[in-house]
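Pasted below: query_19.txt, compact mmCIF, C-alpha atoms.
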# COMPACT_ATOMS: atom_id res chain seq x y z
CA MET A 150 91.25 115.75 74.88
CA LYS A 151 89.82 112.67 76.51
CA SER A 152 90.34 112.36 80.24
CA PRO A 153 92.61 109.50 81.44
CA LEU A 154 90.07 108.59 84.15
CA LEU A 155 89.15 105.24 82.60
CA VAL A 156 92.75 104.11 82.57
CA VAL A 157 93.31 105.19 86.16
CA ALA A 158 90.00 103.69 87.30
CA ALA A 159 91.29 100.37 86.00
CA VAL A 160 94.46 100.92 87.99
CA SER A 161 92.46 101.75 91.07
CA LEU A 162 90.40 98.56 90.94
CA GLY A 163 93.53 96.59 90.20
CA VAL A 164 95.19 97.75 93.39
CA LEU A 165 92.63 95.76 95.29
CA SER A 166 94.21 92.58 94.03
CA ALA A 167 97.09 93.21 96.41
CA VAL A 168 95.04 91.25 98.95
CA HIS A 169 95.70 87.58 98.21
CA PRO A 170 93.07 84.90 98.89
CA ALA A 171 93.13 81.74 100.91
CA LEU A 172 90.13 80.10 102.63
CA ALA A 173 88.12 77.04 101.65
CA GLN A 174 84.78 77.84 100.02
CA ASN A 175 82.66 75.36 98.09
CA ALA A 176 79.78 76.13 95.75
CA LYS A 177 79.04 79.53 97.25
CA ARG A 178 77.24 82.42 95.56
CA TYR A 179 77.85 86.03 96.58
CA HIS A 180 76.21 89.36 95.90
CA LEU A 181 78.75 92.10 95.22
CA GLU A 182 78.41 95.87 95.29
CA LEU A 183 81.36 98.04 94.30
CA LYS A 184 81.38 101.84 94.39
CA THR A 185 83.99 104.20 92.95
CA SER A 186 84.25 107.97 93.11
CA ALA A 187 87.05 109.91 91.43
CA ILE A 188 87.90 113.59 91.60
CA GLN A 189 90.39 114.94 89.10
CA ASP A 190 91.74 118.46 88.83
CA LEU A 191 91.92 119.28 85.11
CA SER A 192 93.44 122.75 85.52
CA ALA A 193 96.36 121.65 83.34
CA MET A 194 93.80 121.12 80.54
CA GLY A 195 92.17 124.52 81.06
CA GLN A 196 89.26 122.99 82.97
CA GLY A 197 88.28 122.76 86.61
CA GLU A 198 87.72 119.95 89.03
CA GLN A 199 85.57 117.06 87.80
CA LYS A 200 83.95 114.28 89.80
CA GLN A 201 82.72 110.93 88.58
CA GLU A 202 80.85 108.28 90.54
CA PHE A 203 79.67 104.83 89.49
CA THR A 204 78.60 101.49 90.91
CA LEU A 205 79.04 97.88 89.81
CA THR A 206 76.66 95.25 91.20
CA GLY A 207 76.40 91.57 90.45
CA GLN A 208 76.57 87.98 91.62
CA VAL A 209 79.39 85.47 91.38
CA SER A 210 79.73 81.76 92.12
CA ILE A 211 82.79 80.26 93.82
CA ASN A 212 83.81 76.61 93.64
CA ALA A 213 86.78 74.84 95.19
CA SER A 214 88.07 71.29 94.74
CA ASP A 215 90.96 69.41 96.30
CA SER A 216 94.05 69.20 94.14
CA ALA A 217 97.63 68.07 94.60
CA ASP A 218 99.14 70.04 97.50
CA GLY A 219 96.23 72.46 97.69
CA GLN A 220 92.95 73.40 96.06
CA SER A 221 91.81 74.53 92.64
CA VAL A 222 89.38 77.46 92.82
CA SER A 223 87.13 79.02 90.20
CA VAL A 224 84.95 82.13 90.16
CA VAL A 225 82.14 82.64 87.63
CA VAL A 226 80.48 86.01 87.05
CA ASP A 227 76.76 85.18 87.00
CA SER A 228 75.54 88.75 86.56
CA LEU A 229 77.00 92.25 86.39
CA GLU A 230 75.48 95.71 86.00
CA ALA A 231 77.08 99.15 85.85
CA SER A 232 75.32 102.32 86.93
CA PRO A 233 74.78 105.22 84.51
CA GLY A 234 77.96 107.22 84.09
CA ALA A 235 80.33 104.31 84.56
CA PRO A 236 83.42 104.57 82.29
CA LEU A 237 82.73 101.03 81.03
CA PRO A 238 80.96 100.44 77.72
CA PRO A 239 77.84 98.25 78.14
CA ALA A 240 79.32 95.71 75.74
CA ILE A 241 82.31 95.19 78.03
CA VAL A 242 80.12 94.81 81.12
CA GLN A 243 77.87 92.26 79.43
CA GLY A 244 80.86 90.47 77.94
CA LEU A 245 82.15 89.72 81.44
CA VAL A 246 78.99 87.81 82.40
CA GLY A 247 79.68 84.08 82.20
CA THR A 248 83.45 84.53 82.37
CA THR A 249 85.34 82.11 84.62
CA TRP A 250 88.48 82.95 86.60
CA THR A 251 90.66 80.14 87.97
CA GLY A 252 93.43 79.97 90.55
CA PHE A 253 95.31 77.59 92.84
CA ARG A 254 95.37 77.66 96.64
CA ALA A 255 98.69 76.48 98.08
CA PRO A 256 99.06 74.67 101.44
CA ASN A 257 100.03 77.96 103.11
CA GLY A 258 96.60 79.36 102.22
CA ARG A 259 97.66 81.68 99.39
CA VAL A 260 96.43 82.13 95.85
CA ALA A 261 98.90 84.12 93.76
CA GLU A 262 96.39 85.24 91.12
CA LEU A 263 93.10 84.61 89.35
CA LYS A 264 93.18 84.27 85.57
CA PRO A 265 90.23 84.28 83.13
CA THR A 266 89.98 81.04 81.17
CA THR A 267 89.33 83.05 77.99
CA GLU A 268 90.50 86.47 76.83
CA VAL A 269 87.71 88.93 77.63
CA ALA A 270 87.89 92.70 77.29
CA GLY A 271 87.74 94.42 80.67
CA SER A 272 88.61 91.35 82.74
CA GLN A 273 91.35 93.26 84.57
CA LEU A 274 88.75 95.74 85.80
CA VAL A 275 86.97 93.20 88.00
CA GLU A 276 89.76 90.76 88.85
CA GLY A 277 90.84 92.81 91.87
CA ALA A 278 87.29 92.93 93.19
CA LEU A 279 86.95 89.15 92.82
CA MET A 280 90.10 88.69 94.89
CA GLN A 281 88.33 90.42 97.78
CA LEU A 282 86.14 87.34 98.16
CA PHE A 283 89.04 85.34 99.62
CA PRO A 284 90.53 86.33 102.99
CA PRO A 285 94.29 85.74 103.35
CA MET A 286 93.99 83.40 106.30
CA VAL A 287 94.77 79.74 106.81
CA ALA A 288 91.61 77.78 107.61
CA GLY A 289 91.15 77.25 111.32
CA THR A 290 93.03 80.37 112.45
CA ALA A 291 91.70 81.44 115.85
CA GLY A 292 90.96 84.91 117.16
CA GLY A 293 93.77 86.93 118.71
CA LYS A 294 96.29 86.41 115.90
CA ALA A 295 98.15 89.19 114.06
CA TRP A 296 100.56 89.28 111.12
CA THR A 297 101.84 91.54 108.34
CA ASP A 298 101.93 90.86 104.60
CA THR A 299 103.95 92.78 102.01
CA VAL A 300 102.80 92.33 98.42
CA ASP A 301 104.48 93.60 95.26
CA VAL A 302 102.42 93.76 92.07
CA ASP A 303 103.34 94.86 88.53
CA GLN A 304 100.30 95.86 86.48
CA ASP A 305 101.48 96.45 82.93
CA GLY A 306 104.36 98.69 84.01
CA LEU A 307 102.78 100.12 87.14
CA GLY A 308 104.50 98.96 90.33
CA ILE A 309 102.43 98.70 93.51
CA ARG A 310 103.83 97.76 96.91
CA THR A 311 101.22 97.17 99.61
CA VAL A 312 101.85 96.50 103.30
CA ILE A 313 98.85 94.97 105.11
CA ASN A 314 98.52 94.48 108.87
CA PHE A 315 96.00 91.74 109.72
CA GLN A 316 94.34 90.81 113.00
CA THR A 317 91.73 88.20 113.95
CA THR A 318 89.08 88.48 116.66
CA GLY A 319 86.51 86.00 117.90
CA ASP A 320 82.93 86.51 116.68
CA THR A 321 79.69 84.61 116.17
CA HIS A 322 77.29 83.93 113.31
CA GLU A 323 73.80 82.55 113.86
CA GLY A 324 74.81 81.49 117.36
CA LYS A 325 77.92 79.61 116.25
CA GLN A 326 81.58 80.43 116.65
CA ALA A 327 83.15 82.54 113.91
CA VAL A 328 86.24 84.67 113.32
CA ARG A 329 86.50 88.22 112.02
CA LEU A 330 89.62 89.03 110.04
CA ALA A 331 90.44 92.72 109.61
CA GLY A 332 93.27 94.40 107.77
CA ALA A 333 94.67 97.90 107.32
CA SER A 334 96.91 98.65 104.36
CA SER A 335 99.16 101.31 102.87
CA SER A 336 100.44 101.34 99.29
CA ALA A 337 103.11 103.05 97.21
CA ILE A 338 102.23 103.36 93.51
CA SER A 339 104.67 104.27 90.74
CA GLY A 340 105.10 103.50 87.06
CA VAL A 341 104.02 104.09 83.48
CA GLN A 342 100.95 102.82 81.63
CA GLU A 343 100.05 103.23 77.98
CA SER A 344 96.88 105.03 76.90
CA PRO A 345 95.39 106.71 73.79
CA GLN A 346 97.03 109.92 75.09
CA GLY A 347 100.46 108.28 75.18
CA SER A 348 102.48 107.01 78.11
CA LEU A 349 100.93 108.00 81.43
CA SER A 350 103.34 108.40 84.34
CA ILE A 351 101.49 107.63 87.59
CA GLU A 352 102.78 108.32 91.11
CA GLY A 353 100.93 108.20 94.39
CA THR A 354 99.94 106.50 97.61
CA GLY A 355 96.99 104.53 98.92
CA SER A 356 95.45 103.39 102.18
CA GLY A 357 92.61 101.06 103.00
CA THR A 358 90.75 98.76 105.33
CA ILE A 359 89.19 95.35 104.74
CA SER A 360 87.35 92.75 106.83
CA TRP A 361 85.60 89.39 106.57
CA LEU A 362 83.32 87.35 108.83
CA ILE A 363 84.31 83.69 108.56
CA THR A 364 82.43 80.71 110.01
CA GLY A 365 83.98 77.70 111.69
CA ASP A 366 83.87 75.63 108.48
CA GLY A 367 85.87 78.28 106.60
CA SER A 368 82.97 79.91 104.74
CA VAL A 369 82.94 83.66 104.26
CA VAL A 370 79.60 85.19 105.29
CA THR A 371 80.31 88.85 104.57
CA GLY A 372 83.18 91.01 103.44
CA ALA A 373 83.78 94.74 103.15
CA PHE A 374 86.59 97.01 102.03
CA ALA A 375 87.32 100.72 101.60
CA GLN A 376 90.29 102.25 99.82
CA ASP A 377 91.58 105.75 99.11
CA GLN A 378 94.25 106.78 96.62
CA ALA A 379 95.97 110.09 95.95
CA LEU A 380 97.62 110.01 92.52
CA GLU A 381 99.34 112.35 90.10
CA VAL A 382 98.99 111.43 86.43
CA SER A 383 101.45 112.99 83.99
CA VAL A 384 100.28 113.18 80.36
CA PRO A 385 102.92 113.93 77.68
CA SER A 386 100.93 116.78 76.09
CA LEU A 387 100.19 118.60 79.36
CA PRO A 388 102.48 121.03 81.22
CA ALA A 389 101.62 119.72 84.70
CA PRO A 390 100.42 116.46 86.29
CA ILE A 391 96.70 115.84 86.87
CA PRO A 392 95.92 115.31 90.59
CA LEU A 393 93.46 112.46 91.04
CA LYS A 394 91.76 111.24 94.22
CA ILE A 395 89.97 107.90 94.09
CA HIS A 396 87.76 106.24 96.68
CA ASN A 397 86.71 102.62 96.28
CA GLU A 398 84.45 100.64 98.58
CA GLY A 399 82.61 97.38 98.32
CA THR A 400 80.72 94.64 100.08
CA SER A 401 80.12 90.94 99.51
CA THR A 402 77.35 88.87 101.06
CA VAL A 403 76.73 85.16 100.71
CA VAL A 404 73.36 84.38 99.11
CA GLN A 405 73.69 80.62 98.67
Encoding of this model in structure tokens:
Amino acid sequence: MKSPLLVVAAVSLGVLSAVHPALAQNAKRYHLELKTSAIQDLSAMGQGEQKQEFTLTGQVSINASDSADGQSVSVVVDSLEASPGAPLPPAIVQGLVGTTWTGFRAPNGRVAELKPTTEVAGSQLVEGALMQLFPPMVAGTAGGKAWTDTVDVDQDGLGIRTVINFQTTGDTHEGKQAVRLAGASSSAISGVQESPQGSLSIEGTGSGTISWLITGDGSVVTGAFAQDQALEVSVPSLPAPIPLKIHNEGTSTVVQ
């Protein structure tokens, strides 16, 4: 029986999209590095504990243009590579290169979602990571501010509620004033997703941290996140749920 890890790995990356974007960025290119490790206990399948680790690296370009009551934003995947052992077929990884995601930034500094302009297999696997490029902060926010966001997401039948506590602190970049935005989150995950093994019932919790360094003109210089999830995946043909622990982390750095 094939392990449901690929399905759950997609869920795990998707949870990252609970952080909604907002800040002005024009014609910027970023280097991304995303790492995932997953440990699943397959005792219910007559097997032991299995661990899988993989990395995605690449570059993306971000453009923003003024629009009515906000900004239109677009993200293009310029390059993308998966490490050996990644549960992503090479054809899917290569098919994502050149894909464009678009979204709209409202006056309150929020973008509800990014959508690919064309249907591409695997796009949902990287959408959450792309959302990490945009801090949820209104341009010009000073250090010393704090607020809480609650975000509800439905990912093809899987409900995710994430509560994020944000705080800004004063910082510098290349001798100029900057702001660091940091957030700590907790998530409740529950629902059903379809797979080749049938309907997978998924229950669990998540926690994470995220931060960005933002210059005075609203440009993001660096970003980093880390996320842990403890899930139980129930498969119709198995007598007991499969415990699954997932750790995601990533960084983004401006290169242009």
Quick one: residues within 8 Å of Gly308 (chain A), only C-alpha atoms counted, chain neighbours fewer than 4 positions away excluded, as number ranges by chain?
A: 301-304, 338-340
Counting all atoms listed in the file, give me one row per residue of region 262-312 of chain A with an atom at most 7 Å from an atom of region 231-247 of chain A, showing the shortest contact pair and its distance in Å to one decimal, sorted by chain then residue number, as a Markdown table.
| residue | atom | partner | partner_atom | distance |
| --- | --- | --- | --- | --- |
| A:Val269 | CA | A:Leu245 | CA | 6.8 |
| A:Ala270 | CA | A:Ile241 | CA | 6.2 |
| A:Gly271 | CA | A:Ile241 | CA | 6.1 |
| A:Ser272 | CA | A:Leu245 | CA | 6.8 |
Distance query Lys294 (chain A) at most 12 Å, only C-alpha atoms, self and fewer than 4 positions along chain excluded, as a PDB file with C-alpha atoms, in the coordinates of the input:
ATOM      1  CA  MET A 286      93.990  83.400 106.300  1.00  0.00           C
ATOM      2  CA  VAL A 287      94.770  79.740 106.810  1.00  0.00           C
ATOM      3  CA  GLY A 289      91.150  77.250 111.320  1.00  0.00           C
ATOM      4  CA  THR A 290      93.030  80.370 112.450  1.00  0.00           C
ATOM      5  CA  ASN A 314      98.520  94.480 108.870  1.00  0.00           C
ATOM      6  CA  PHE A 315      96.000  91.740 109.720  1.00  0.00           C
ATOM      7  CA  GLN A 316      94.340  90.810 113.000  1.00  0.00           C
ATOM      8  CA  THR A 317      91.730  88.200 113.950  1.00  0.00           C
ATOM      9  CA  THR A 318      89.080  88.480 116.660  1.00  0.00           C
ATOM     10  CA  GLY A 319      86.510  86.000 117.900  1.00  0.00           C
ATOM     11  CA  VAL A 328      86.240  84.670 113.320  1.00  0.00           C
ATOM     12  CA  ARG A 329      86.500  88.220 112.020  1.00  0.00           C
ATOM     13  CA  LEU A 330      89.620  89.030 110.040  1.00  0.00           C
ATOM     14  CA  ALA A 331      90.440  92.720 109.610  1.00  0.00           C
ATOM     15  CA  GLY A 332      93.270  94.400 107.770  1.00  0.00           C
TER      16      GLY A 332
END
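Going from CA of Thr400 (chain A) to CA of Val275 (chain A) covers 13.7 Å.
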Set the distance at 9 Å and use only C-alpha atoms: which residues neighbour Leu191 (chain A) once local chain neighbours fewer than 4 positions away are removed? I'd like the list as a PyMOL selection string.
chain A and resi 152+195-199+391-392
Residues within 9 Å of region 366-376 of chain A, only C-alpha atoms, excluding chain neighbours under 5 positions, as a PyMOL selection string
chain A and resi 165+172-175+177+179+281-284+288-289+322+327+334+355-361+395-404
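In this structure, CA of Leu205 (chain A) sits 27.8 Å away from CA of Val384 (chain A).
The shortest atom-to-atom distance to Pro388 (chain A), with all atoms listed in the file taken into account, belongs to A:Ser192 out of A:Thr299, A:Gln326, A:Ser192, A:Ser186.
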If I only have part of region 351-367 of chain A, can you fill in N, CA and C atoms and write it as a tab-separated table (two decimals), keeping the file's coordinate frame?
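Final file, rebuild-v1.tsv:
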chain	number	residue	atom	x	y	z
A	351	ILE	N	102.39	107.60	86.44
A	351	ILE	CA	101.49	107.63	87.59
A	351	ILE	C	102.29	107.45	88.88
A	352	GLU	N	102.12	108.38	89.81
A	352	GLU	CA	102.78	108.32	91.11
A	352	GLU	C	101.73	108.58	92.19
A	353	GLY	N	101.86	107.90	93.32
A	353	GLY	CA	100.93	108.20	94.39
A	353	GLY	C	100.99	107.21	95.53
A	354	THR	N	100.03	107.35	96.43
A	354	THR	CA	99.94	106.50	97.61
A	354	THR	C	98.50	106.05	97.81
A	355	GLY	N	98.33	105.02	98.62
A	355	GLY	CA	96.99	104.53	98.92
A	355	GLY	C	96.91	104.02	100.34
A	356	SER	N	95.70	103.96	100.86
A	356	SER	CA	95.45	103.39	102.18
A	356	SER	C	94.08	102.73	102.16
A	357	GLY	N	93.89	101.75	103.02
A	357	GLY	CA	92.61	101.06	103.00
A	357	GLY	C	92.37	100.18	104.20
A	358	THR	N	91.14	99.72	104.30
A	358	THR	CA	90.75	98.76	105.33
A	358	THR	C	89.93	97.66	104.67
A	359	ILE	N	89.94	96.48	105.28
A	359	ILE	CA	89.19	95.35	104.74
A	359	ILE	C	88.85	94.40	105.87
A	360	SER	N	87.73	93.70	105.77
A	360	SER	CA	87.35	92.75	106.83
A	360	SER	C	86.45	91.67	106.25
A	361	TRP	N	86.46	90.52	106.92
A	361	TRP	CA	85.60	89.39	106.57
A	361	TRP	C	85.06	88.75	107.84
A	362	LEU	N	83.85	88.20	107.79
A	362	LEU	CA	83.32	87.35	108.83
A	362	LEU	C	83.34	85.92	108.31
A	363	ILE	N	84.04	85.04	109.05
A	363	ILE	CA	84.31	83.69	108.56
A	363	ILE	C	83.80	82.68	109.57
A	364	THR	N	83.00	81.72	109.11
A	364	THR	CA	82.43	80.71	110.01
A	364	THR	C	83.44	79.62	110.32
A	365	GLY	N	83.07	78.75	111.26
A	365	GLY	CA	83.98	77.70	111.69
A	365	GLY	C	84.38	76.73	110.60
A	366	ASP	N	83.52	76.55	109.56
A	366	ASP	CA	83.87	75.63	108.48
A	366	ASP	C	84.66	76.32	107.37
A	367	GLY	N	85.05	77.58	107.59
A	367	GLY	CA	85.87	78.28	106.60
A	367	GLY	C	85.09	79.07	105.58
